[in-house]
Every structure is written in structure tokens, then in C-alpha cells.
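File shown: upload_12.csv. Contents: CSV, C-alpha atoms and all ligand atoms.
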chain,number,residue,atom,x,y,z
A,11,MET,CA,24.5,-8.6,-3.6
A,12,ILE,CA,22.3,-8.4,-6.8
A,13,GLN,CA,23.3,-5.6,-9.2
A,14,TRP,CA,20.0,-4.5,-10.7
A,15,CYS,CA,20.1,-2.9,-14.1
A,16,LEU,CA,16.6,-2.0,-15.2
A,17,GLU,CA,18.0,0.4,-17.9
A,18,ARG,CA,19.4,-2.5,-20.0
A,19,LEU,CA,16.1,-4.4,-20.0
A,20,SER,CA,14.6,-4.7,-23.5
A,21,GLN,CA,10.9,-5.1,-24.4
A,22,GLN,CA,11.8,-8.5,-25.9
A,23,GLN,CA,13.5,-9.7,-22.8
A,24,LEU,CA,10.6,-8.6,-20.6
A,25,THR,CA,8.0,-10.2,-22.9
A,26,SER,CA,9.8,-13.5,-23.0
A,27,LEU,CA,10.4,-13.5,-19.2
A,28,VAL,CA,6.7,-12.9,-18.7
A,29,GLN,CA,5.8,-15.8,-21.0
A,30,GLN,CA,8.2,-18.1,-19.3
A,31,THR,CA,7.0,-17.2,-15.8
A,32,GLN,CA,3.3,-17.3,-16.8
A,33,ALA,CA,3.8,-20.9,-18.0
A,34,VAL,CA,5.0,-22.1,-14.6
A,35,GLN,CA,2.4,-24.2,-12.9
A,36,VAL,CA,1.8,-23.1,-9.3
A,37,SER,CA,-0.6,-24.2,-6.7
A,38,GLY,CA,-1.2,-20.9,-5.0
A,39,GLU,CA,-4.1,-19.7,-2.9
A,40,LEU,CA,-6.6,-17.0,-3.6
A,41,PRO,CA,-8.1,-15.0,-0.8
A,42,THR,CA,-11.3,-17.1,-0.2
A,43,TYR,CA,-12.6,-14.6,2.3
A,44,LEU,CA,-13.0,-12.0,-0.5
A,45,ALA,CA,-15.3,-13.6,-3.1
A,46,PRO,CA,-14.4,-11.3,-6.0
A,47,LEU,CA,-10.7,-11.8,-5.5
A,48,ALA,CA,-11.2,-15.6,-5.3
A,49,SER,CA,-13.0,-15.8,-8.6
A,50,VAL,CA,-10.5,-14.1,-10.8
A,51,ASN,CA,-8.6,-15.9,-13.6
A,52,GLN,CA,-5.5,-17.1,-11.9
A,53,ARG,CA,-3.5,-17.2,-15.1
A,54,ARG,CA,-3.6,-13.5,-15.7
A,55,PHE,CA,-0.2,-12.0,-15.5
A,56,GLY,CA,0.8,-8.4,-16.1
A,57,VAL,CA,3.9,-6.3,-15.6
A,58,TRP,CA,4.8,-2.7,-16.1
A,59,VAL,CA,8.3,-1.3,-15.8
A,60,GLU,CA,8.6,2.4,-15.2
A,61,ARG,CA,12.2,3.8,-15.4
A,62,ILE,CA,14.0,7.0,-14.6
A,63,ARG,CA,16.1,6.4,-17.8
A,64,GLY,CA,15.0,4.3,-20.7
A,65,GLY,CA,11.3,4.9,-20.7
A,66,SER,CA,8.6,2.3,-19.8
A,67,LEU,CA,7.9,-1.2,-20.8
A,68,GLY,CA,4.7,-3.3,-20.4
A,69,ALA,CA,4.1,-7.0,-21.0
A,70,GLY,CA,1.4,-9.6,-20.6
A,71,ASP,CA,-1.9,-8.5,-19.1
A,72,TRP,CA,-0.6,-5.2,-17.8
A,73,ALA,CA,-3.8,-3.4,-18.6
A,74,ASP,CA,-5.9,-5.7,-16.3
A,75,HIS,CA,-7.5,-3.8,-13.4
A,76,PHE,CA,-7.0,-5.0,-9.8
A,77,ALA,CA,-7.5,-3.7,-6.3
A,78,LEU,CA,-4.4,-2.4,-4.6
A,79,MET,CA,-5.3,-4.0,-1.3
A,80,SER,CA,-2.2,-3.9,1.0
A,81,VAL,CA,-0.1,-2.2,-1.7
A,82,VAL,CA,-2.0,1.0,-0.7
A,83,LYS,CA,-0.4,0.9,2.7
A,84,PRO,CA,3.0,2.6,1.8
A,85,PHE,CA,1.1,5.4,0.0
A,86,LEU,CA,-1.3,5.9,2.9
A,87,LEU,CA,1.7,6.2,5.1
A,88,LEU,CA,3.3,8.7,2.7
A,89,TYR,CA,0.2,10.8,2.6
A,90,LEU,CA,0.0,10.8,6.4
A,91,LEU,CA,3.6,11.7,6.8
A,92,GLU,CA,3.1,14.6,4.4
A,93,THR,CA,-0.1,15.8,5.9
A,94,ARG,CA,0.2,14.9,9.6
A,95,GLY,CA,3.9,14.6,10.1
A,96,ALA,CA,6.1,11.7,11.3
A,97,ALA,CA,5.7,12.5,15.0
A,98,VAL,CA,1.9,12.1,14.8
A,99,VAL,CA,2.1,8.9,12.7
A,100,PHE,CA,4.7,7.1,14.8
A,101,ASP,CA,3.0,8.1,18.0
A,102,GLN,CA,0.4,5.5,16.9
A,103,VAL,CA,2.3,2.8,15.0
A,104,GLY,CA,5.7,1.2,15.2
A,105,ARG,CA,8.6,0.6,12.8
A,106,GLU,CA,9.5,-3.0,13.6
A,107,PRO,CA,9.1,-6.1,11.4
A,108,SER,CA,6.3,-8.5,12.3
A,109,ALA,CA,6.5,-12.2,12.9
A,110,TYR,CA,2.9,-13.3,12.3
A,111,PRO,CA,0.5,-13.1,9.3
A,112,PHE,CA,-0.6,-9.6,8.1
A,113,ASN,CA,-4.0,-9.8,9.8
A,114,SER,CA,-2.9,-11.5,13.0
A,115,LEU,CA,-4.6,-10.6,16.3
A,116,GLU,CA,-2.0,-12.6,18.1
A,117,GLN,CA,0.7,-10.2,17.0
A,118,LEU,CA,-1.3,-7.3,18.3
A,119,LEU,CA,-1.9,-9.1,21.6
A,120,VAL,CA,1.7,-9.9,22.0
A,121,ASP,CA,2.5,-6.2,21.5
A,122,GLN,CA,-0.3,-5.1,23.9
A,123,GLY,CA,-2.2,-3.1,21.3
A,124,TRP,CA,0.8,-1.4,19.7
A,125,PRO,CA,0.8,-2.1,15.9
A,126,ARG,CA,4.2,-3.2,14.9
A,127,ASN,CA,4.4,-1.4,11.6
A,128,PRO,CA,2.2,0.4,9.0
A,129,MET,CA,2.5,-2.5,6.5
A,130,ILE,CA,0.3,-5.0,8.4
A,131,ASN,CA,-3.4,-4.6,9.0
A,132,SER,CA,-3.3,-3.4,12.6
A,133,GLY,CA,-0.9,-0.6,11.6
A,134,ALA,CA,-3.0,0.2,8.5
A,135,LEU,CA,-6.2,0.3,10.6
A,136,VAL,CA,-4.6,2.9,12.8
A,137,MET,CA,-3.5,4.9,9.7
A,138,ALA,CA,-7.1,4.6,8.4
A,139,ALA,CA,-8.3,6.2,11.7
A,140,LEU,CA,-5.8,9.1,11.1
A,141,LEU,CA,-7.0,9.5,7.5
A,142,GLY,CA,-10.6,9.7,8.7
A,143,GLY,CA,-13.0,11.4,6.3
A,144,GLU,CA,-10.2,12.3,3.8
A,145,THR,CA,-10.5,9.2,1.5
A,146,SER,CA,-11.4,11.2,-1.6
A,147,GLN,CA,-8.7,13.7,-1.0
A,148,PHE,CA,-6.2,10.8,-0.6
A,149,GLN,CA,-7.4,9.3,-3.9
A,150,THR,CA,-7.0,12.7,-5.7
A,151,TRP,CA,-3.6,13.2,-4.1
A,152,LEU,CA,-2.4,9.9,-5.4
A,153,ASN,CA,-3.8,10.4,-8.9
A,154,GLN,CA,-2.5,13.9,-9.3
A,155,ARG,CA,1.0,13.2,-7.9
A,156,ALA,CA,1.5,10.0,-9.8
A,157,ASN,CA,-0.5,11.1,-12.9
A,158,ILE,CA,-2.6,8.0,-12.8
A,159,HIS,CA,-6.2,6.9,-12.7
A,160,LEU,CA,-6.9,4.9,-9.6
A,161,ALA,CA,-10.7,4.3,-9.2
A,162,LEU,CA,-12.7,2.9,-6.3
A,163,ASP,CA,-13.9,-0.6,-7.2
A,164,GLN,CA,-17.5,-0.2,-5.8
A,165,ASP,CA,-18.5,-3.9,-6.3
A,166,LEU,CA,-15.4,-5.1,-4.5
A,167,LEU,CA,-16.0,-2.6,-1.7
A,168,LYS,CA,-19.5,-4.0,-1.2
A,169,ALA,CA,-18.2,-7.5,-1.2
A,170,VAL,CA,-15.5,-6.6,1.3
A,171,GLN,CA,-18.1,-4.9,3.6
A,172,GLN,CA,-20.4,-7.9,3.4
A,173,GLY,CA,-17.7,-10.6,3.5
A,174,ASP,CA,-15.9,-12.4,6.3
A,175,ASN,CA,-14.0,-9.7,8.1
A,176,HIS,CA,-13.5,-11.4,11.5
A,177,HIS,CA,-9.7,-10.9,11.5
A,178,ASN,CA,-10.0,-7.2,10.7
A,179,GLN,CA,-12.9,-6.7,13.0
A,180,ALA,CA,-11.1,-8.3,15.9
A,181,LEU,CA,-8.1,-6.0,15.2
A,182,ALA,CA,-10.3,-2.9,15.0
A,183,GLN,CA,-12.2,-3.8,18.2
A,184,TYR,CA,-8.9,-4.3,20.1
A,185,LEU,CA,-7.4,-1.1,18.7
A,186,ALA,CA,-10.5,0.8,19.6
A,187,LYS,CA,-10.3,-0.4,23.2
A,188,VAL,CA,-6.6,0.4,23.5
A,189,LYS,CA,-6.4,3.7,21.5
A,190,GLY,CA,-10.0,5.0,21.7
A,191,PHE,CA,-10.6,5.0,17.9
A,192,ASP,CA,-14.1,4.4,16.4
A,193,PRO,CA,-13.7,0.8,15.2
A,194,GLU,CA,-16.4,1.0,12.6
A,195,GLN,CA,-15.0,4.1,11.0
A,196,MET,CA,-11.5,2.7,11.1
A,197,LEU,CA,-12.7,-0.4,9.2
A,198,GLN,CA,-14.7,1.4,6.6
A,199,VAL,CA,-11.9,3.8,5.8
A,200,TYR,CA,-9.5,0.8,5.6
A,201,PHE,CA,-11.8,-1.2,3.3
A,202,TRP,CA,-12.2,1.9,1.1
A,203,VAL,CA,-8.5,2.6,0.5
A,204,CYS,CA,-7.8,-1.1,-0.1
A,205,CYS,CA,-10.4,-1.1,-2.9
A,206,LEU,CA,-8.7,1.6,-4.9
A,207,SER,CA,-7.9,-0.1,-8.2
A,208,GLY,CA,-5.8,0.4,-11.3
A,209,ASN,CA,-3.5,-1.5,-13.6
A,210,ALA,CA,0.1,-2.5,-13.5
A,211,ALA,CA,1.2,0.8,-15.1
A,212,ASP,CA,-0.7,2.8,-12.4
A,213,LEU,CA,1.0,0.7,-9.8
A,214,ALA,CA,4.4,1.2,-11.2
A,215,ARG,CA,3.8,5.0,-11.6
A,216,LEU,CA,2.6,5.1,-8.0
A,217,GLY,CA,5.9,3.5,-7.0
A,218,MET,CA,7.8,6.3,-8.7
A,219,LEU,CA,6.5,8.6,-6.0
A,220,LEU,CA,9.0,6.7,-3.8
A,221,VAL,CA,11.8,6.2,-6.2
A,222,GLN,CA,11.8,9.7,-7.7
A,223,PRO,CA,10.0,11.8,-5.1
A,224,PRO,CA,9.7,15.6,-5.4
A,225,PRO,CA,12.4,17.3,-3.4
A,226,ALA,CA,10.1,18.2,-0.5
A,227,THR,CA,9.0,14.6,-0.1
A,228,VAL,CA,12.4,12.9,-0.1
A,229,ALA,CA,12.8,12.4,3.6
A,230,ASN,CA,9.2,11.0,4.0
A,231,ALA,CA,9.7,8.8,0.9
A,232,GLN,CA,12.8,7.3,2.5
A,233,ILE,CA,10.9,6.4,5.7
A,234,VAL,CA,8.3,4.5,3.6
A,235,VAL,CA,11.0,2.8,1.5
A,236,ASP,CA,12.8,1.7,4.7
A,237,LEU,CA,9.6,0.2,6.0
A,238,MET,CA,8.9,-1.6,2.7
A,239,ILE,CA,12.4,-3.2,3.0
A,240,SER,CA,11.8,-4.5,6.6
A,241,CYS,CA,8.0,-5.1,6.6
A,242,GLY,CA,6.6,-5.0,3.0
A,243,LEU,CA,6.1,-8.7,2.7
A,244,TYR,CA,5.1,-9.3,6.3
A,245,GLN,CA,6.8,-12.2,8.0
A,246,ALA,CA,8.5,-13.1,4.7
A,247,SER,CA,10.2,-9.6,4.3
A,248,ALA,CA,13.6,-10.6,5.4
A,249,THR,CA,13.7,-13.8,3.2
A,250,TRP,CA,12.7,-11.9,0.1
A,251,GLY,CA,14.8,-8.8,1.0
A,252,GLY,CA,17.8,-11.1,1.1
A,253,ARG,CA,17.0,-12.8,-2.2
A,254,LEU,CA,16.1,-9.7,-4.2
A,255,GLY,CA,17.6,-6.8,-2.2
A,256,LEU,CA,14.6,-4.5,-3.1
A,257,PRO,CA,11.9,-2.6,-1.2
A,258,LEU,CA,8.7,-4.6,-1.9
A,259,LYS,CA,5.0,-4.5,-1.1
A,260,SER,CA,2.4,-7.1,-1.8
A,261,GLY,CA,-1.4,-7.2,-1.7
A,262,VAL,CA,-3.8,-10.1,-1.6
A,263,SER,CA,-5.2,-9.2,-5.0
A,264,GLY,CA,-1.9,-10.5,-6.4
A,265,ALA,CA,-0.4,-7.0,-6.7
A,266,LEU,CA,3.3,-6.7,-6.2
A,267,LEU,CA,5.3,-3.4,-6.2
A,268,ALA,CA,9.1,-3.6,-6.5
A,269,LEU,CA,11.2,-0.4,-6.2
A,270,VAL,CA,14.6,-0.4,-7.8
A,271,PRO,CA,16.2,2.7,-6.1
A,272,GLY,CA,17.8,5.1,-8.5
A,273,GLN,CA,16.4,3.2,-11.5
A,274,GLY,CA,12.7,2.7,-11.5
A,275,VAL,CA,9.8,0.5,-10.5
A,276,VAL,CA,8.3,-2.9,-11.4
A,277,GLY,CA,4.5,-3.2,-11.0
A,278,ILE,CA,3.2,-6.8,-11.3
A,279,TYR,CA,-0.2,-8.5,-11.1
A,280,SER,CA,-0.5,-12.2,-10.7
A,281,PRO,CA,-3.2,-13.6,-8.4
A,282,PRO,CA,-1.9,-16.9,-6.9
A,283,LEU,CA,-0.5,-16.3,-3.4
A,284,ASP,CA,2.0,-18.0,-1.2
A,285,PRO,CA,1.0,-18.8,2.5
A,286,ALA,CA,2.1,-15.3,3.6
A,287,GLY,CA,-0.2,-13.6,1.0
A,288,ASN,CA,2.5,-12.7,-1.5
A,289,SER,CA,2.1,-13.2,-5.3
A,290,ILE,CA,4.1,-16.3,-6.1
A,291,LEU,CA,4.7,-15.6,-9.8
A,292,ALA,CA,5.4,-11.9,-9.3
A,293,LEU,CA,8.2,-12.9,-7.0
A,294,ARG,CA,9.4,-15.5,-9.5
A,295,LEU,CA,9.5,-12.9,-12.2
A,296,LEU,CA,11.6,-10.6,-10.0
A,297,GLU,CA,14.0,-13.5,-9.4
A,298,ARG,CA,14.3,-14.0,-13.1
A,299,LEU,CA,14.8,-10.3,-13.7
A,300,ALA,CA,17.5,-10.2,-11.1
A,301,SER,CA,19.5,-12.9,-12.8
A,302,LEU,CA,19.4,-11.4,-16.3
A,401,LIG,N1,-8.1,-5.7,2.7
A,401,LIG,C1,-7.2,-6.9,2.7
A,401,LIG,C2,-7.4,-7.6,4.1
A,401,LIG,O1,-7.4,-6.9,5.1
A,401,LIG,C3,-5.8,-6.4,2.5
A,401,LIG,C4,-4.8,-7.4,3.0
A,401,LIG,C5,-3.6,-7.6,2.1
A,401,LIG,O2,-3.7,-7.2,0.9
A,401,LIG,N2,-2.6,-8.3,2.6
A,401,LIG,O3,-7.5,-8.7,4.1
Would you write out, as C-alpha cells, the structure that this file holds?
Amino acid sequence: MIQWCLERLSQQQLTSLVQQTQAVQVSGELPTYLAPLASVNQRRFGVWVERIRGGSLGAGDWADHFALMSVVKPFLLLYLLETRGAAVVFDQVGREPSAYPFNSLEQLLVDQGWPRNPMINSGALVMAALLGGETSQFQTWLNQRANIHLALDQDLLKAVQQGDNHHNQALAQYLAKVKGFDPEQMLQVYFWVCCLSGNAADLARLGMLLVQPPPATVANAQIVVDLMISCGLYQASATWGGRLGLPLKSGVSGALLALVPGQGVVGIYSPPLDPAGNSILALRLLERLASL
């Protein structure tokens, strides 16, 4: 069992860990179906550590802006738990880990239209349907609660709308048939929330909503944290849960959110992805942090 101690981490240690990790040559993938995400500089690497005790630390390209993509899912879930309640949410989506990729139609077919969990696209599409026209309220809620500045990346949203969406479209069509949602609205809301953008510091501060939630949110935050542990990295969740022992969430932009319960949050940005869609060097950095 890894004993995390974020409090002892120094700026110098973090800076040198980032330099060492950034120097590693990796042959990762970029999401070719989303042109703006596939044309970024793969060498960018930013990290921000937000702590309950000991203040915050930033290293590398922490000020770079990137889209949250799937890292928005835990926060969409938190918002819906707060505003709609757990009974309404879990009437639509399950709490079990998935075995197939994050955008797999096969998984949804195997499960006869019942999305396994809110961390994969089928579950997030259903959550998007529950969010409906409240996208701006959701953005304001996140920014006010976490004291951050997430903004909608309009260019990316356009590219996503015009890009190759056949996986998500197939999921939305099937969900619409089974659950009676409007497939187009579901997709548009999903795209919109995925294109909320910020830097690694915004990401880490967002994570603090789960590590240090206001008293009234503790129970809902715990539901989200539990789902990040079992489902946050899709089919690779158990592997990385075993290696790092942390609640994690990844996005295809190269964003990675790591919660260290009781201590703080690490927000990382590094674009190259492994086959499951998780940032390779972000996970590498966490391994190094764990062995300090
Ligand atoms: N919008 C992205 C997609 O559906 C988000 C997926 C992700 O980050 N894993 O492809």
C-alpha cells in the first residue's frame, strides 16, 4: 500500500520530477478524431499540486490551457447529485466498472442500453440529458465553487461538432431508443461540457471540491470519489488503482486528475495517450511521486 505524503513535497522535487518525466520518450497516441487535440505540441507537460496543508505548487507548463474532456464527468455527476439527487441519477446510470473502451457501443449493447457508469461516454451522455439546458449554470457553479476560471473553448466545440462523432452518435441513438432522450440534445450538451477548458491549477482546484467538500456535499463527493476509483480510467481503472491507490480521472486532451484523500490534488496535463485514452506521462509522474 502506497503511503502518499503530498505535504512533504518541495517545489524543487516537483520541478525536477517534471523535468525527468518530460524527458522520457513515449510513443503515445493523440485523439485523431478531434483535429485540434491531435495538433497540439505533445511535449507540453504541466502539473499543479493543490494541498490542504502546505499550499500549492506548480511546475512545467501548468499555465497551458486544455479542454477537460472526460475529466468533466465526475463534476457533472457531482452537480447532478446536488441538484437532482442520487435516486434520479442512478435511475439512469449504473455504478459498475466497464470492460470496453470509453466510447464503446459494444459495452452498451452487452448491457442492453444500461450505461455501466457515469465515467464512460454512455453514462455521461445520459447525465448530459439530465443536465439539459443548464450548461451555463453548471459552468458558473463549477467556477464559483472551486474559485476558478473554466471557459468554453468555442473553436474546439465547433471542431467537435463537425468532427468524426460516429462512436458518440451511435451511443446517443441507442440511448435515445432505450430511454427516450433526444439524441441530438444529449450530444450537444455532452460536447459542450467536454469543451470547458482551464489550466492545471484550475483542474487541481476543481478536484478540491471532492477532497475538501463543503459539509453539505460530503456524501455526494464520496459517491463521486468511489466511482473515480473503480471507473475513472475506464478499463484500466483497476490496474492503475492497484499501482497508485488513488481516485483518478483522465480525459483525451491529456488531462489527468489525481485525488489524494485528506491531503490534496494533483492536476496534470500531458497529451500523449495510452491505448485506453489515459495520459502516459501523467501516470508516469504519479508513479514517481508515489515512490518519493
Ligand atoms: N468528448 C470526448 C469523446 O467523447 C471525451 C472522451 C474522453 O475524454 N475520454 O471522445
Shortest interatomic distance to Leu167 of chain A - which of A:Met79, A:Ala186, A:Val228, A:Met129, counting only C-alpha atoms: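 Closest residue, counting only C-alpha atoms: A:Met79.
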Need the shell around segment 235-246 of chain A: protein/DNA/RNA residues with any atom at most 7 Å away, counting all atoms listed in the file. Skip same-chain ones fewer than 6 positions apart. Format as number ranges by chain? A: 105, 107-112, 129-130, 220, 256-260, 286, 288
For chain A versus ligand LIG 401 (chain A), which residues have an atom no more than 7 Å away, and what is each residue's nearest atom pair and distance in Å rounded to one decimal, using all atoms listed in the file, chain-then-number order, as a Markdown table?
| residue | atom | partner | partner_atom | distance |
| --- | --- | --- | --- | --- |
| A:Met79 | CA | A:LIG401 | O2 | 4.2 |
| A:Ser80 | CA | A:LIG401 | O2 | 3.6 |
| A:Val81 | CA | A:LIG401 | O2 | 6.7 |
| A:Phe112 | CA | A:LIG401 | N2 | 6.0 |
| A:Asn113 | CA | A:LIG401 | O1 | 6.5 |
| A:Asn131 | CA | A:LIG401 | O1 | 6.0 |
| A:Asn178 | CA | A:LIG401 | O1 | 6.2 |
| A:Phe201 | CA | A:LIG401 | N1 | 5.9 |
| A:Cys204 | CA | A:LIG401 | N1 | 5.4 |
| A:Ser260 | CA | A:LIG401 | O2 | 6.7 |
| A:Gly261 | CA | A:LIG401 | O2 | 3.5 |
| A:Val262 | CA | A:LIG401 | O2 | 3.8 |
| A:Ser263 | CA | A:LIG401 | O2 | 6.4 |
| A:Gly287 | CA | A:LIG401 | N2 | 6.0 |
Give me, please, the distance in Å between atom CA of Val136 of chain A and atom CA of Glu92 of chain A, quoted to one decimal.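 Computing the Euclidean distance for atom CA of Val136 of chain A and atom CA of Glu92 of chain A yields 16.3 Å.
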Pick out the residues sitting within 9 Å of Phe191 of chain A, and hand them over as a list in words; count all atoms listed in the file, and ignore anything fewer than 4 positions along from it in its own chain.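 Counting all atoms listed in the file, the residues come to Val136, Ala139, Ala182, Gln183, Leu185, Ala186, Lys187, Gln195 and Met196 of chain A.
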Can you write just those residues out, C-alpha atoms, as a PDB file, in the coordinates of the input?
ATOM      1  CA  VAL A 136      -4.600   2.900  12.800  1.00  0.00           C
ATOM      2  CA  ALA A 139      -8.300   6.200  11.700  1.00  0.00           C
ATOM      3  CA  ALA A 182     -10.300  -2.900  15.000  1.00  0.00           C
ATOM      4  CA  GLN A 183     -12.200  -3.800  18.200  1.00  0.00           C
ATOM      5  CA  LEU A 185      -7.400  -1.100  18.700  1.00  0.00           C
ATOM      6  CA  ALA A 186     -10.500   0.800  19.600  1.00  0.00           C
ATOM      7  CA  LYS A 187     -10.300  -0.400  23.200  1.00  0.00           C
ATOM      8  CA  GLN A 195     -15.000   4.100  11.000  1.00  0.00           C
ATOM      9  CA  MET A 196     -11.500   2.700  11.100  1.00  0.00           C
TER      10      MET A 196
END
Gap from atom CA of Gly70 of chain A to atom CA of Gln32 of chain A - Å, one decimal: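 Atom CA of Gln32 of chain A lies 8.8 Å from atom CA of Gly70 of chain A.
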What does the distance between atom CA of Tyr89 of chain A and atom CA of Ala292 of chain A come to in Å, to one decimal place?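 Separation of atom CA of Tyr89 of chain A and atom CA of Ala292 of chain A: 26.2 Å.
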For Gln154 of chain A, list every protein, DNA or RNA residue within 12 Å, evaluated using only C-alpha atoms, and leave out those in the same chain fewer than 5 positions away; present the list as JSON, numbers by chain. {"A": [147, 148, 149, 159, 160, 212, 215, 216, 219]}
Do a neighbour search on Phe100 of chain A at 10 Å with all atoms listed in the file, toss out local chain neighbours closer than 5 positions, and write the hits as a PyMOL selection string. chain A and resi 91+95+105+127-128+137
Nearest-residue call for Val203 of chain A, choices A:Ser26, A:Thr150, A:Asn175, A:Ser37, using only C-alpha atoms: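 Selected residue with least distance to Val203 of chain A: A:Thr150.
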A:Ser207, A:Gln117, A:Ser289, A:Gly68: which is nearest Val82 of chain A, counting only C-alpha atoms?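 Of A:Ser207, A:Gln117, A:Ser289, A:Gly68, the one nearest Val82 of chain A is A:Ser207, counting only C-alpha atoms.
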Compare A:Ala300, A:Leu291, A:Ala214, A:Leu78 by their minimum atom-to-atom distance to Gln29 of chain A, counting all atoms listed in the file, and give me the closest one.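 Between A:Ala300, A:Leu291, A:Ala214, A:Leu78, the residue approaching Gln29 of chain A most closely is A:Leu291.
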Determine the nearest neighbour of Thr42 of chain A from the options A:Leu118, A:Ile278, A:Leu283, A:Val199, counting all atoms listed in the file.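 Going through A:Leu118, A:Ile278, A:Leu283, A:Val199 one by one, the smallest distance to Thr42 of chain A is for A:Leu283.
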For Leu299 of chain A, please output as a PyMOL selection string all residues within 12 Å (counting all atoms listed in the file; exclusion window: fewer than 6 positions along the same chain). chain A and resi 12-20+23-28+30-31+57+59+253-254+268+270+276+292-293
Check the smallest atom-to-atom distance from each of A:Gly208, A:Gly65, A:Pro193, A:Gly217 to Asp163 of chain A using all atoms listed in the file, then report the winner.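 Of A:Gly208, A:Gly65, A:Pro193, A:Gly217, the one nearest Asp163 of chain A is A:Gly208, counting all atoms listed in the file.
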Because the input lacks atoms here, generate all heavy atoms for segment 169-177 of chain A and report them as a PDB file, keeping the file's coordinate frame.
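New file selection.pdb:
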ATOM      1  N   ALA A 169     -18.536  -6.136  -1.561  1.00  0.00           N
ATOM      2  CA  ALA A 169     -18.200  -7.500  -1.200  1.00  0.00           C
ATOM      3  C   ALA A 169     -17.363  -7.582   0.053  1.00  0.00           C
ATOM      4  O   ALA A 169     -17.560  -8.433   0.928  1.00  0.00           O
ATOM      5  CB  ALA A 169     -17.541  -8.230  -2.365  1.00  0.00           C
ATOM      6  N   VAL A 170     -16.416  -6.664   0.145  1.00  0.00           N
ATOM      7  CA  VAL A 170     -15.500  -6.600   1.300  1.00  0.00           C
ATOM      8  C   VAL A 170     -16.367  -6.300   2.570  1.00  0.00           C
ATOM      9  O   VAL A 170     -16.246  -6.942   3.623  1.00  0.00           O
ATOM     10  CB  VAL A 170     -14.403  -5.594   1.137  1.00  0.00           C
ATOM     11  CG1 VAL A 170     -13.647  -5.368   2.433  1.00  0.00           C
ATOM     12  CG2 VAL A 170     -13.449  -6.035   0.044  1.00  0.00           C
ATOM     13  N   GLN A 171     -17.272  -5.330   2.424  1.00  0.00           N
ATOM     14  CA  GLN A 171     -18.100  -4.900   3.600  1.00  0.00           C
ATOM     15  C   GLN A 171     -18.997  -6.056   4.050  1.00  0.00           C
ATOM     16  O   GLN A 171     -19.256  -6.190   5.240  1.00  0.00           O
ATOM     17  CB  GLN A 171     -18.941  -3.694   3.205  1.00  0.00           C
ATOM     18  CG  GLN A 171     -18.115  -2.431   3.115  1.00  0.00           C
ATOM     19  CD  GLN A 171     -18.839  -1.294   2.415  1.00  0.00           C
ATOM     20  OE1 GLN A 171     -19.725  -1.533   1.585  1.00  0.00           O
ATOM     21  NE2 GLN A 171     -18.461  -0.069   2.706  1.00  0.00           N
ATOM     22  N   GLN A 172     -19.459  -6.857   3.072  1.00  0.00           N
ATOM     23  CA  GLN A 172     -20.400  -7.900   3.400  1.00  0.00           C
ATOM     24  C   GLN A 172     -19.676  -9.271   3.688  1.00  0.00           C
ATOM     25  O   GLN A 172     -20.318 -10.246   4.075  1.00  0.00           O
ATOM     26  CB  GLN A 172     -21.409  -8.136   2.297  1.00  0.00           C
ATOM     27  CG  GLN A 172     -22.375  -6.967   2.198  1.00  0.00           C
ATOM     28  CD  GLN A 172     -23.056  -6.895   0.839  1.00  0.00           C
ATOM     29  OE1 GLN A 172     -22.952  -7.805   0.030  1.00  0.00           O
ATOM     30  NE2 GLN A 172     -23.769  -5.806   0.587  1.00  0.00           N
ATOM     31  N   GLY A 173     -18.388  -9.317   3.413  1.00  0.00           N
ATOM     32  CA  GLY A 173     -17.700 -10.600   3.500  1.00  0.00           C
ATOM     33  C   GLY A 173     -17.242 -10.952   4.907  1.00  0.00           C
ATOM     34  O   GLY A 173     -17.675 -10.352   5.884  1.00  0.00           O
ATOM     35  N   ASP A 174     -16.363 -11.946   4.964  1.00  0.00           N
ATOM     36  CA  ASP A 174     -15.900 -12.400   6.300  1.00  0.00           C
ATOM     37  C   ASP A 174     -14.723 -11.522   6.710  1.00  0.00           C
ATOM     38  O   ASP A 174     -13.621 -11.588   6.184  1.00  0.00           O
ATOM     39  CB  ASP A 174     -15.400 -13.869   6.105  1.00  0.00           C
ATOM     40  CG  ASP A 174     -14.668 -14.354   7.340  1.00  0.00           C
ATOM     41  OD1 ASP A 174     -14.730 -13.654   8.383  1.00  0.00           O
ATOM     42  OD2 ASP A 174     -14.033 -15.412   7.281  1.00  0.00           O
ATOM     43  N   ASN A 175     -15.019 -10.690   7.675  1.00  0.00           N
ATOM     44  CA  ASN A 175     -14.000  -9.700   8.100  1.00  0.00           C
ATOM     45  C   ASN A 175     -13.578  -9.988   9.573  1.00  0.00           C
ATOM     46  O   ASN A 175     -13.142  -9.065  10.247  1.00  0.00           O
ATOM     47  CB  ASN A 175     -14.589  -8.319   8.062  1.00  0.00           C
ATOM     48  CG  ASN A 175     -14.687  -7.858   6.650  1.00  0.00           C
ATOM     49  OD1 ASN A 175     -13.699  -7.904   5.939  1.00  0.00           O
ATOM     50  ND2 ASN A 175     -15.868  -7.454   6.218  1.00  0.00           N
ATOM     51  N   HIS A 176     -13.714 -11.222  10.015  1.00  0.00           N
ATOM     52  CA  HIS A 176     -13.500 -11.400  11.500  1.00  0.00           C
ATOM     53  C   HIS A 176     -12.111 -11.028  11.931  1.00  0.00           C
ATOM     54  O   HIS A 176     -11.937 -10.510  13.022  1.00  0.00           O
ATOM     55  CB  HIS A 176     -13.959 -12.792  11.933  1.00  0.00           C
ATOM     56  CG  HIS A 176     -13.073 -13.890  11.482  1.00  0.00           C
ATOM     57  ND1 HIS A 176     -13.176 -14.479  10.250  1.00  0.00           N
ATOM     58  CD2 HIS A 176     -12.056 -14.519  12.125  1.00  0.00           C
ATOM     59  CE1 HIS A 176     -12.266 -15.428  10.148  1.00  0.00           C
ATOM     60  NE2 HIS A 176     -11.575 -15.473  11.266  1.00  0.00           N
ATOM     61  N   HIS A 177     -11.114 -11.251  11.071  1.00  0.00           N
ATOM     62  CA  HIS A 177      -9.700 -10.900  11.500  1.00  0.00           C
ATOM     63  C   HIS A 177      -9.639  -9.361  11.670  1.00  0.00           C
ATOM     64  O   HIS A 177      -9.175  -8.874  12.710  1.00  0.00           O
ATOM     65  CB  HIS A 177      -8.728 -11.307  10.433  1.00  0.00           C
ATOM     66  CG  HIS A 177      -8.488 -12.779  10.409  1.00  0.00           C
ATOM     67  ND1 HIS A 177      -7.820 -13.425  11.404  1.00  0.00           N
ATOM     68  CD2 HIS A 177      -8.827 -13.718   9.504  1.00  0.00           C
ATOM     69  CE1 HIS A 177      -7.748 -14.719  11.122  1.00  0.00           C
ATOM     70  NE2 HIS A 177      -8.373 -14.926   9.973  1.00  0.00           N
TER      71      HIS A 177
END
